[in-house]
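Chemist: Structure below; questions to follow.
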Amino acid sequence: MTALLEVQKISLLYDKTQAVNAVSFSLNEGEIGCLLGPSGCGKTTLLRSIAGFEIPSEGRILLNGEEVSRKGWGLPPERRNIGMVFQDFALFPNLNVEQNIAFGLRRMPRSYSKSRIEQLLEMIELSDSAKKYPHQLSGGQQQRIALARAMAPRPEILLLDEPFSSMDIELREQLARDVRKLLRLEGMSAILVTHDQYEAFAMADQIGVMNKGEIQQWDSSYNLYHQPKNRFVADFIGQGVILEGTVNSPQEVDTELGLIVGSVPDGYKQGCPVDILVRPDDILHDDDANEFAEVIDKAFRGAEFLYTLKMPSGSKVLCLTPSHHDHAIGEKIGVKLDIDHLVIFKRHSKFQVE
Amino acid sequence: MLKYLPLILLSTLFSAIGSSISYASGEVNVYSARKEALIKPLLDNFSNDTGVKVNLVTGKADALLSRIKHEGRNTPADLFITTDSGRLHRAKQAGVLQAIQDTQIEQTIPGHLRDPEGYWFGLSQRSRVIFYAKDRVKPSELSSYEDLADPKWKKRICIRSSNNIYNQSLVASMIASNGEKATEKWAKGLVDNFARRPKGGDRDQIKAVAAGQCDIAVANTYYYGKMLTSKKDATQRAAANKVAVFWPNQNDRGTHVNISGAAITAASKNKTNAIKLLQYLVSDEAQQWYAKVNFEYPVVDKVNASQLLQSWGNFKADTINLSKLGSNNAAAVKLMDRAGWR
Amino acid sequence: MANLNAPPRSLTDSWLSRAVFANGWQLSSILIAVVLGIPIFSVLSSIFEPSSDTWQHLSETLLNDYIINSLILAAGVSVGTFLIGVNTAWLTSVCVFPGRRIFEWALLLPMAMPAYIIAYTYTGFLDFAGPIQTTLREAMGWGYGDYWFPDIRSIEGAIVMFSLVLYPYVYLLSRAAFLEQSVCVLEVGRTLGCSIWRSFFTIALPLARPAIIAGVSLAIMETLADYGTVKYFGVDTFTTGIFRTWFGLDDHSAAAQLASMLLGFVFLLVLLERWSRSKAQYHHTTGKYKQLPQYKLAGLRGWIAFAMCLLPLLLGFILPSLQLGQWAWQTHEEMLNSNFITLTLNSLLLAAGASIIALIIALYLGYGTRIYKGIIMSSVQRISSMGYAIPGTVIAIGVIIPFAAIDNHVDSWLRQHWDISSGLLLSGTVFALLFAYTVRFLSVSIQTVEAALGKVRPSMDDAARSLGRKPLQVLREVHLPIMKGSLLTALLLVYVDVLKELPATLILRPFNFNTLAVRAFELASDERLADSASAALMIVAAGIIPVIMLSRSINRSRPGSQRNNDSTT
C-alpha cells in the first residue's frame, strides 16, 4: 500500500541557511505523525513545505502517490488537499463561528455544508456558539473551531503547527488526547509539530525527533524513550543521566552501580569505555542495596518523588520513587540499578552502533 | 466654471486650465485685477461697438501677475489691467509687457500717468490721503506727509501694514522727492507715532479713527467713497461720517496719487484688438463711468470726477512720473523693514 | 501576483546586498520615497545658493522677528495645550463627575475647527460690531471710543486660538498614557495615602511625560505650519515671511532659505517627538486591564470639574460654531449661489482625489513592507511619513520650484525640436496640488493602513490558502472585509485634512480654482467675515467626522471594555 505522504530527501533553504537537510519519512493513511524538536530545528519549515508554503531546494514530496513538491517547484497550497491549524488559530475575526468553519466548504452544496458544520460543531461541543464571533470565545474554544474549520473539507492530511503552545500547560496533554480522539473519529491523518514531548506522546503514532534540520530518529514514542538512537534523542526525550562504564563481556557492562546485564552490540570490545543512559525509572530505591547515594535534591510529583542523588563517585543520578518514601536532603539511601534495555554509547561518540 | 469640472477630473496629470481660452481672431483676452462688476459693462459696450469678443479673467493682482509670468510665451492674455503703478512696474521688470506707440493714447493720458517708454498706461487715479477725526483734529494741525513723523502725533496714527503696495508706493514717492536717508528717518518717526501695530486694510484704519483708537488714518480715497455709500453696513457709513479728508503737501509738490492701469502683454496674440480696447478705455464716455463706479478720478483731464468726489474739494496732485514708484519699490520695502514698519 | 508567503528576510543582511537583489516592488517603493522627498530636497538645496541681497536684508530686519515670534508661539502654545489637555485628560480618565462620559469624546470637537477659522470667528465675535461689545455698550451706555476692549488680533490672541484647537492632541495622548499606566502603580499610591492631587503630580504626570511631550510637539508643529491665523492676526512668522518673500519681494531663493530655517525648527521638534514616543513604549504594563481607580468628585468639586471640561469645549467649538451658524444664516441667500456650489465641488473632488492617491500609495508601501520585511522597506515607509511635520508652505515652495523648472525645460526642448509648446504640464495644475497634499498627508494613510494590515495576520493568509483560496481571492475574501473599516478611515482622515488645508493650496492652486478653505480665508481677509461663514461651516462640519471616529476608539479604550485585537472596526 502506498503511503499517504512521502517525504523524500527534502532540503529547504530559509534565508540562505539550510533549515532542513535531506529529510525523509512517510506517513500512512490514518496515522498521526509528529515532528518534535527544539526551536530552530526546522520542524515548522518542514511542515510548511508539506503544506506548500515553502519550495524545496532538493527532494520530493508525494501526496497520495502524486508529486506535489520537487526541487524549485511546488503545487500551491490551495490546490493541495491539506488542512492546517496554526499556532495563533488564525480565525477570521469578521466571520462568526459557523462562517469560519464554512470557509473551506465553498464549493459544496448548501445542504451538505450545513450538515457537515452541524456535525463538526457537535463534535467539538460548541453547537450553542455557532453565531458567536471569535473574540467572544476563550482560547480553548477558538482552538477547537480552528480545528473544525481545517477538518471541514475533509482534507487528505491535517497539519498542526504548535497548536497548543498558547494554552495553559496543565491542559496541553489532555487537549492533545482530545484532538487525537477527534482525528480518529474522522479517520483523518495528521502531522503535528511541537517542541513539547508530552504532547507528542499523547497524540502521535510516529514521532520524528528533529535537530538542526535533520530527523534524528523516526519511531514510536515508546521506542524513542527506551531505545534512543543517539545522544541527542536520549537527551531530548525524557529525563536521565549518563553513567560511565566499561564493557566486561558481550552481556555485561561494569558501572559504579554494579554490573549491568544486557546485550552489548557488536563492535564493542572488552574493556571499551562506554556511556550508559540511565533513566530515573531505572534506579530503584532499595534499602537492601549495596550502594548508597546521598540525596541532594528532591521534587515532589504527587505520586512520586524525583530525587537527585549523588553517588560516592560524585556522579549524579535521578531516581523516581513512590512518594511515601520521603527522605530528607542529605540522607543516604540505598539504590540499585534495574535496567531492562541497555542504551549504550561509545564514550565520546554520538551514535550507538546497532 | 461648472463645465471645467470634467476637465479637472480627467486631467489631474495634464490639466492646463489657462489654455482653455481660445485664440480665435476678432477676440481680445483681458486679465483684470479689477472686479468683474467694475469693468464688464465697459467691455460689453466695446464688444457691441466694435464686434470684437472680449474674454475676461479676473483675479487678485499678485496672482494674476504670477500667472502671466508663469504662462510665459503661452499666455493667452492680451491686456493686463491691475492697480498701482508699482505692480505695473514689476510686470515690466518681469518682461511680460510690451511697449506701445500710439499717438492717440499718448495724447489723451497725461505723461506722468503712463510709462515713459510706453509699457503701461493709467486708466484711473486714486489718492492716498490723510483722514482725520473731525472732533479731535483741526485741519490746521495737518500739513504734509512728512509732518506725520512729528512727535505731536505720538500714538495717534493708524495705517496698514508695509506689506501693502499702496504704502510701498507712497514711500517710494517720498524717496523720489526727499531721498532715502530723509525718508528712512521719517519712516522711523512715523512708526513711533503708530497707535497700534499695523493690522487690517484701509477701511479698518478709518474705522479705528472713528472708534477712537487713533486720530489720523492714511488710506486710499476710493475706500472713503465706498464706506460713505455702503448699503449693507451702517457702521461703515457712521465711521466714514466721523472723519474728513485732508489733502497733504498742497504747499509743495502736491498729494500723492497712484493709478489703476493697463498694459499689453509681450506675448499678446491680438495686439491690434488690445490697442483698440485700450483706446476705448481712455475715451471720455468710458473714463467717466470707469472712474465714477469705483470712486476714483479719471486720468483724462477734461473728464470731470463724480459729484461725490468733487465734494471732497479740488487738490493739487503730485506730478512725479509714476514709473518712479516702481523703480523705488524695492528700496521702499527694505526701508520700511529697517524702520520697523510691520 | 507576488507570493504572499515569501519568507521574511533577516535584518542582518547588509543593505547593499539587498539592494542588489531587490526586485521591482522594492525598487519602485524606493522610487516613491525619493519622489515624495523632492520638495524637501529642493527646499534644502537652496541653502547652497549664495545669499542674495534680500537674505541680507531679511537677516537684518525681519528674521529676528520670525524667530522670536516662533519661539513665543511655541512656548505659549506648549503651556496652553499642556494646561488644557492634561487637565481634561486626567479628569476624564480617573475622576467621576457629572457629564464625564460625554466630555470624554466631546473634548475632541475643537479638532474640527481649523485654527484660522476660529481666529477670524473670534475676531468678528469680539469685534466692535460683534455681540460681546454691542451688549457691553448697550448695558453700560457707552459709544464709540468710550471704553477699551482687548484686541484679539495679536500674538497673545494667536496663542489662545492655537491652544483652543490644538489641545486635543495633548488630551488624546495624555489620556492614553493615563489609561495605560499601571493600575497597580496608582492603586499603590492610593494605599500609601496619596490624595488625588499627590498621585497626579508625583505618579501619573511623570509617567505620562513622554506622551505629553509627544502631544505638545505635535501641537507646536501645527502652530509653526499655520499661515492663515498668523497672517490674519498680523504676527510675523516664518510662514508669513516665506509668502512675503516669495510673492512680495519676488525672491524665490531667499524664500526657500527661509523655508529651510523653518524646516530646521521642525526637525528638532520631530526628533523630540520621536524620542518621547519611543520612551512612552517602555511604560506599557500588563495586558490585563482592570478598572482604573475612580476618584469620585462629590458636590462642588464635581461641578468645578464639570466647568473645567466645559470651558475648552465651549470656547473651542460651541461658541465659534454658533457664531458661524449665525453668520451663515444671515448671508445664506446671497452666498449659496452657483459659485459656491462650484467651490464646494472643487474642494470635495480635490480632497477625494488626494485621499484616494494617498490610500493607493499607502497600500502599495504597506503590502511591500509586509512581504519584504527589512530595513529598506521600513525606511521607505518612515521617510514617506515625514510629511506630517513639514509645513504646507514649505512643501508648496518645494513643489513649485522643480515643477516650474521641469515645465520650462520640457517646453524649451519641445520648442527647439518640434516647434510645439507644451505649456504648463505640472506647475499651476491640479497635479501639483495633489502631489503636495500627498506629501503632506501620506503619513495618515500609511499609519492607518499599517494598523489595518496588522489586523490581518500572515497566518490568516495561510489559513485561507490551506482552505482552497488563491492569493487574489485571499485579498478579496480575507483582507478586504477585515480592513474595510480602517481603509475607509484612512480615506476620511486624509479627506478632511485636505479640506482644511490652506497655505499650500494658496500657493499651488490653478488659476481661478478655489477651495472652501481658500475662499473662507480670502473673504475673512477682505473683512467679509459673515460672508465667509458658509464655507467655514462646511469645513467644520467635515472636520467633525474624524472626531466621531476617534470618539469610537475612545469608547473602546475605556478601562474594562473589550480590548481584543480581533475586532474589525
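Residues are referred to by chain and number: the chain letter is A, B, ... according to the order shown in the C-alpha cells, the number counts from 1 in that chain, and ligands are numbered separately from 1 in the order shown.
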Determine, counting only C-alpha atoms, which protein, DNA and RNA residues have an atom within 9 Å of an atom of stretch 294-303 of chain A; residues of the same chain fewer than 4 positions away are not included. Present the result as a VMD selection string.
Modeler: chain A and resid 307 to 312 321 to 324 327 to 334
Chemist: So which residues touch B:Thr75 within 9 Å, counting only C-alpha atoms, skipping near sequence neighbours fewer than 2 positions away, as JSON, numbers by chain?
Modeler: {"B": [18, 19, 67, 68, 69, 70, 71, 72, 73, 77, 78, 265, 267, 268], "C": [423]}
Chemist: List the neighbours of stretch 207-210 of chain A out to 7 Å using only C-alpha atoms; skip same-chain residues closer than 4 positions along the sequence, and give me the result as a list in words.
Modeler: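 Within the cut-off, the hits are Gly33, Cys34, Leu35, Leu36, Gly37, Cys41, Lys43, Glu214, Ile215, Gln216, Gln217, Trp218, Asp219, Ser220, Ser221 and Val233 of chain A.
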Chemist: Name all residues at most 10 Å from A:Leu95 (count only C-alpha atoms; drop same-chain ones fewer than 2 positions away) and give them as a PyMOL selection string.
Modeler: (chain A and resi 91-93+97-103+131-134) or (chain C and resi 478+481-482+568)
Chemist: Looking at only C-alpha atoms, which of C:Thr438, C:Ser443, C:Asn512, C:Ser253 is the one that sits closest to chain B?
Modeler: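 For chain B, the nearest of the candidates is C:Asn512.
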Chemist: Please report, as a VMD selection string, each residue of stretch 299-519 of chain C to which DSSP assigns helix (DSSP H, G or I) when run on this structure's backbone.
Modeler: chain C and resid 299 to 335 338 to 371 375 to 384 386 to 389 392 to 418 430 to 455 458 to 466 471 to 500 503 to 508 516 to 519
Chemist: Specify as a PyMOL selection string all residues of chain A found within 8 Å of chain C, counting only C-alpha atoms.
Modeler: chain A and resi 14-15+51+53+77-86+88-94+103-104+134-135+150+153
Chemist: Can those selected residues be exported to a file as a short mmCIF file (atom, residue, chain, number, x, y, z; two decimals), in the first residue's frame so that it contains C-alpha atoms?
Modeler:
data_model
loop_
_atom_site.label_atom_id
_atom_site.label_comp_id
_atom_site.auth_asym_id
_atom_site.auth_seq_id
_atom_site.Cartn_x
_atom_site.Cartn_y
_atom_site.Cartn_z
CA TYR A 14 15.49 29.53 4.79
CA ASP A 15 17.14 32.87 4.44
CA ALA A 51 1.56 22.39 3.11
CA PHE A 53 4.15 27.34 1.59
CA PRO A 77 -1.36 25.24 -1.04
CA GLU A 78 -4.86 25.92 -2.31
CA ARG A 79 -4.51 23.12 -4.82
CA ARG A 80 -3.33 20.52 -2.34
CA ASN A 81 -5.98 18.90 -0.31
CA ILE A 82 -4.47 19.74 3.03
CA GLY A 83 -5.81 21.34 6.16
CA MET A 84 -3.78 23.41 8.57
CA VAL A 85 -4.18 24.54 12.15
CA PHE A 86 -1.99 27.45 13.20
CA ASP A 88 -2.48 31.60 16.75
CA PHE A 89 -5.59 29.85 15.38
CA ALA A 90 -5.90 32.47 12.57
CA LEU A 91 -9.67 32.61 12.82
CA PHE A 92 -11.23 35.28 10.63
CA PRO A 93 -12.43 37.96 13.04
CA ASN A 94 -15.07 39.28 10.71
CA PHE A 103 -14.88 28.87 4.77
CA GLY A 104 -13.42 25.79 3.14
CA PRO A 134 -14.06 34.56 17.72
CA HIS A 135 -13.29 37.39 20.09
CA ALA A 150 -9.46 22.81 8.96
CA PRO A 153 -13.44 19.96 3.85
#
